[in-house]
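Text of the file start-v2.txt, holding compact mmCIF, C-alpha atoms:
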```txt
# COMPACT_ATOMS: atom_id res chain seq x y z
CA MET A 20 24.69 -11.16 -4.96
CA THR A 21 25.28 -11.25 -8.70
CA VAL A 22 22.85 -13.22 -10.81
CA GLU A 23 24.49 -12.83 -14.20
CA THR A 24 27.11 -10.73 -15.86
CA GLU A 25 27.50 -9.65 -19.43
CA THR A 26 29.89 -7.51 -21.39
CA ASP A 27 28.55 -4.20 -22.61
CA GLY A 28 30.64 -4.31 -25.79
CA GLY A 29 33.73 -2.69 -24.31
CA ASP A 30 35.98 -3.81 -21.50
CA ALA A 31 33.38 -3.13 -18.77
CA THR A 32 31.21 -5.88 -17.35
CA VAL A 33 27.61 -5.08 -16.45
CA ALA A 34 26.37 -6.91 -13.35
CA THR A 35 22.72 -7.75 -12.77
CA THR A 36 21.93 -8.27 -9.12
CA ALA A 37 19.03 -10.14 -7.56
CA VAL A 38 17.69 -6.77 -6.40
CA ASP A 39 17.69 -5.53 -10.01
CA VAL A 40 15.77 -8.62 -11.14
CA VAL A 41 13.18 -8.17 -8.37
CA ASN A 42 12.84 -4.45 -9.14
CA ASP A 43 12.40 -5.18 -12.86
CA ALA A 44 9.72 -7.78 -12.12
CA GLU A 45 7.87 -5.41 -9.80
CA GLU A 46 8.07 -2.60 -12.35
CA ALA A 47 6.61 -4.94 -15.00
CA LEU A 48 3.72 -5.79 -12.65
CA ILE A 49 3.13 -2.11 -11.93
CA GLU A 50 3.04 -1.48 -15.68
CA GLU A 51 0.50 -4.33 -16.07
CA GLY A 52 -1.65 -2.76 -13.36
CA GLU A 53 -1.49 0.67 -15.00
CA ILE A 54 -2.45 -0.74 -18.42
CA ALA A 55 -5.30 -2.67 -16.83
CA GLY A 56 -6.42 0.41 -14.90
CA ASP A 57 -6.53 2.49 -18.09
CA TYR A 58 -8.50 -0.23 -19.89
CA LEU A 59 -10.99 -0.55 -17.03
CA GLU A 60 -11.34 3.22 -16.67
CA GLN A 61 -12.36 3.43 -20.34
CA LEU A 62 -14.83 0.58 -19.82
CA LEU A 63 -16.40 2.30 -16.82
CA ASP A 64 -16.72 5.51 -18.86
CA VAL A 65 -18.45 3.66 -21.73
CA LEU A 66 -20.83 1.98 -19.26
CA ASP A 67 -21.33 5.26 -17.37
CA PHE A 68 -20.44 3.51 -14.08
CA ASP A 69 -18.71 5.23 -11.18
CA GLY A 70 -15.81 3.51 -9.50
CA ASP A 71 -12.37 4.06 -8.06
CA ILE A 72 -9.57 1.92 -9.47
CA ASP A 73 -6.84 0.79 -7.08
CA LEU A 74 -3.60 -0.82 -8.25
CA ASP A 75 -1.38 -3.04 -6.13
CA VAL A 76 1.20 -5.81 -6.44
CA GLU A 77 0.98 -8.97 -4.32
CA GLY A 78 3.67 -11.56 -4.83
CA ASP A 79 3.94 -12.21 -8.56
CA ARG A 80 0.61 -10.64 -9.58
CA ALA A 81 -0.75 -7.23 -10.31
CA ILE A 82 -3.96 -6.67 -8.34
CA VAL A 83 -6.56 -4.29 -9.71
CA SER A 84 -9.66 -3.39 -7.68
CA ILE A 85 -12.70 -1.35 -8.63
CA ASP A 86 -14.69 0.01 -5.69
CA GLY A 87 -17.10 2.75 -4.81
CA GLY A 88 -19.85 2.67 -7.41
CA ARG A 89 -23.40 1.53 -6.80
CA ASP A 90 -23.73 -0.27 -10.15
CA LEU A 91 -20.55 -2.29 -9.76
CA THR A 92 -22.31 -5.48 -8.69
CA LYS A 93 -23.46 -5.75 -12.31
CA LEU A 94 -19.79 -6.25 -13.20
CA VAL A 95 -19.60 -9.20 -10.80
CA GLY A 96 -22.60 -11.14 -12.08
CA ARG A 97 -23.98 -14.41 -10.77
CA ASN A 98 -21.28 -16.33 -8.86
CA GLY A 99 -18.63 -13.98 -10.25
CA GLU A 100 -19.13 -15.07 -13.86
CA VAL A 101 -19.09 -11.54 -15.28
CA LEU A 102 -16.08 -10.70 -13.11
CA ASP A 103 -14.18 -13.73 -14.43
CA ALA A 104 -14.93 -12.73 -18.02
CA LEU A 105 -13.95 -9.10 -17.35
CA GLN A 106 -10.71 -10.27 -15.73
CA GLU A 107 -9.89 -12.34 -18.81
CA LEU A 108 -10.64 -9.42 -21.15
CA THR A 109 -8.44 -7.18 -19.02
CA ARG A 110 -5.64 -9.75 -19.13
CA LEU A 111 -5.95 -9.85 -22.92
CA ALA A 112 -5.76 -6.05 -23.10
CA VAL A 113 -2.57 -6.14 -21.03
CA GLN A 114 -1.14 -8.91 -23.20
CA GLN A 115 -1.90 -6.93 -26.34
CA ALA A 116 -0.04 -3.92 -24.91
CA THR A 117 2.95 -5.79 -23.45
CA GLY A 118 3.22 -8.94 -25.55
CA VAL A 119 3.34 -10.99 -22.34
CA ARG A 120 0.55 -13.14 -20.85
CA SER A 121 -0.76 -11.45 -17.71
CA ARG A 122 -1.78 -13.16 -14.46
CA LEU A 123 -3.36 -10.05 -12.97
CA MET A 124 -6.21 -10.46 -10.53
CA LEU A 125 -9.28 -8.26 -10.77
CA ASP A 126 -11.71 -7.60 -7.95
CA VAL A 127 -14.91 -5.59 -8.22
CA ALA A 128 -16.80 -4.21 -5.22
CA GLY A 129 -14.75 -6.45 -2.91
CA TRP A 130 -16.50 -9.57 -4.25
CA ARG A 131 -13.35 -11.65 -4.78
CA ALA A 132 -11.90 -10.62 -1.39
CA GLN A 133 -15.14 -11.64 0.33
CA ARG A 134 -15.26 -14.89 -1.65
CA ARG A 135 -11.70 -15.65 -0.56
CA ALA A 136 -12.68 -15.15 3.10
CA ASP A 137 -15.81 -17.31 2.68
CA LEU A 138 -13.85 -20.12 1.01
CA SER A 139 -11.21 -20.06 3.75
CA GLU A 140 -13.99 -20.43 6.31
CA ILE A 141 -15.47 -23.35 4.34
CA GLY A 142 -12.07 -25.08 4.26
CA ILE A 143 -11.43 -24.52 7.96
CA ALA A 144 -14.91 -25.73 8.94
CA ALA A 145 -14.56 -28.87 6.80
CA ALA A 146 -11.12 -29.55 8.29
CA LYS A 147 -12.51 -29.30 11.82
CA ARG A 148 -15.35 -31.71 10.95
CA VAL A 149 -12.87 -34.17 9.47
CA LEU A 150 -10.68 -33.92 12.58
CA GLU A 151 -13.71 -34.71 14.76
CA SER A 152 -15.19 -37.51 12.65
CA GLY A 153 -12.06 -39.00 11.11
CA ALA A 154 -13.98 -39.36 7.84
CA PRO A 155 -13.09 -37.62 4.55
CA GLU A 156 -15.41 -34.83 3.41
CA SER A 157 -16.07 -33.80 -0.19
CA LEU A 158 -16.91 -30.18 -0.90
CA SER A 159 -18.93 -28.83 -3.80
CA ALA A 160 -17.40 -28.23 -7.23
CA MET A 161 -15.17 -25.17 -7.44
CA THR A 162 -13.02 -23.28 -9.91
CA PRO A 163 -9.23 -23.74 -9.72
CA PHE A 164 -8.95 -20.34 -7.99
CA GLU A 165 -11.51 -21.37 -5.37
CA ARG A 166 -9.93 -24.79 -4.79
CA LYS A 167 -6.52 -23.21 -4.20
CA ILE A 168 -7.95 -20.98 -1.49
CA VAL A 169 -9.54 -23.99 0.24
CA HIS A 170 -6.33 -26.05 -0.08
CA ASP A 171 -4.35 -23.18 1.48
CA ALA A 172 -6.80 -22.89 4.39
CA VAL A 173 -6.76 -26.64 5.04
CA ALA A 174 -2.94 -26.75 4.85
CA ASP A 175 -2.75 -24.48 7.90
CA ILE A 176 -4.51 -27.09 10.07
CA ASP A 177 -2.54 -30.01 11.54
CA GLY A 178 -4.01 -33.49 11.16
CA VAL A 179 -5.79 -32.97 7.84
CA ALA A 180 -4.89 -32.63 4.19
CA SER A 181 -6.80 -31.84 1.02
CA GLU A 182 -6.80 -33.03 -2.55
CA SER A 183 -8.74 -32.24 -5.69
CA GLU A 184 -10.84 -34.92 -7.34
CA GLY A 185 -13.06 -35.13 -10.39
CA VAL A 186 -13.02 -33.55 -13.81
CA GLU A 187 -13.90 -29.96 -14.70
CA PRO A 188 -16.47 -28.51 -14.27
CA ASN A 189 -17.19 -30.89 -11.38
CA ARG A 190 -13.70 -30.88 -9.86
CA HIS A 191 -13.89 -30.48 -6.10
CA VAL A 192 -11.83 -30.52 -2.90
CA VAL A 193 -11.81 -33.52 -0.58
CA VAL A 194 -10.56 -32.94 2.95
CA VAL A 195 -8.99 -36.10 4.46
CA PRO A 196 -7.50 -37.02 7.81
CA GLU A 197 -3.70 -37.46 7.84
```
Show how you would write the structure in this file as structure tokens.
Amino acid sequence: MTVETETDGGDATVATTAVDVVNDAEEALIEEGEIAGDYLEQLLDVLDFDGDIDLDVEGDRAIVSIDGGRDLTKLVGRNGEVLDALQELTRLAVQQATGVRSRLMLDVAGWRAQRRADLSEIGIAAAKRVLESGAPESLSAMTPFERKIVHDAVADIDGVASESEGVEPNRHVVVVPE
């Protein structure tokens, strides 16, 4: 499947396939992950923290994880606040190196992965209660990242839907019967 064609200056036509576009996008995400990994490795050295950095690509995001060190919970902070700030700084470092805004996701000591699992459970439990009672249920205020996880969990359950209500920082998910 050809996505676009262009002339290379001579008589030959260069074809760009969908596979080439996907490979280029994945290579760009791998490069983002490597830049982020280098940045975080330097940070860990400055802080004298131990940790193993793992790079991955999921969908359209580079995923960077730091695991293994005993002091790493200090990089998570209360309710992930330090982690969110560190993720933003890492994104800025990647942007400075590439010139492109990064959407990379950073996890430290498995905190974000555990939070994702906890939020999915919260969404599923609320959906089950709404199915039983027939009454809408409002959840506590959450970040956009957290609300998306809850919305995704609720979407997998027939008979209920979810919507976000309120204004930041008090925006929250409401689970409603369909």
Using atom CA of A:Leu94 and atom CA of A:Val127 as the two end points, give the distance in Å to one decimal.
->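 Separating atom CA of A:Leu94 from atom CA of A:Val127 is a distance of 7.0 Å.
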How far is it from atom CA of A:Ser84 to atom CA of A:Ala55, in Å with one decimal?
->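 Taking atom CA of A:Ser84 as the start and atom CA of A:Ala55 as the end point, the length is 10.2 Å.
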Between atom CA of A:Val179 and atom CA of A:Arg135 - distance in Å to one decimal |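 Atom CA of A:Val179 lies 20.1 Å from atom CA of A:Arg135.
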Which polymer residues have any atom within 12 Å of an atom of A:Thr92, counting all atoms listed in the file, with same-chain residues fewer than 2 positions away left out, as a VMD selection string?
-> chain A and resid 68 to 70 85 to 90 94 to 102 126 to 131
Emit as lines of an AutoDock Vina configuration file the padded axis-aligned box for all listed atoms of stretch 87-98 of chain A, 3 Å per side, with centre and edge lengths in Å to one decimal.
```
center_x = -20.5
center_y = -6.8
center_z = -9.0
size_x = 12.9
size_y = 25.1
size_z = 14.4
```
If you count all atoms listed in the file, which residues fall within 6 Å of stretch 142-158 of chain A, apart from same-chain ones fewer than 5 positions away, as JSON, numbers by chain?
-> {"A": [169, 172, 173, 192, 193, 194, 195, 196]}
Keeping only C-alpha atoms, take the residues you just selected and write them out as a PDB file, in the frame of the given file.
```
ATOM      1  CA  VAL A 169      -9.540 -23.990   0.240  1.00  0.00           C
ATOM      2  CA  ALA A 172      -6.800 -22.890   4.390  1.00  0.00           C
ATOM      3  CA  VAL A 173      -6.760 -26.640   5.040  1.00  0.00           C
ATOM      4  CA  VAL A 192     -11.830 -30.520  -2.900  1.00  0.00           C
ATOM      5  CA  VAL A 193     -11.810 -33.520  -0.580  1.00  0.00           C
ATOM      6  CA  VAL A 194     -10.560 -32.940   2.950  1.00  0.00           C
ATOM      7  CA  VAL A 195      -8.990 -36.100   4.460  1.00  0.00           C
ATOM      8  CA  PRO A 196      -7.500 -37.020   7.810  1.00  0.00           C
TER       9      PRO A 196
END
```
Fewer than 5 positions away in the same chain doesn't count, so skip those; otherwise give me all residues within 7 Å of A:Met161, counting all atoms listed in the file, as number ranges by chain.
-> A: 166, 190-191
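Here the question is which of A:Arg134, A:Arg110, A:Val76, A:Ala160 gets nearest to A:Glu184 using all atoms listed in the file, and that residue is A:Ala160.
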Show which residues sit within 10 Å of A:Glu77, as a ChimeraX atom specification. Count all atoms listed in the file, and ignore same-chain residues fewer than 2 positions away.
-> /A:45,48,75,79-82,123-124
Near A:Gln115, counting all atoms listed in the file, which residues have an atom at most 12 Å away, once you skip same-chain residues fewer than 4 positions from it, shown as an MDAnalysis selection string?
-> chainID A and resid 51 54:55 58 108:111 119:121
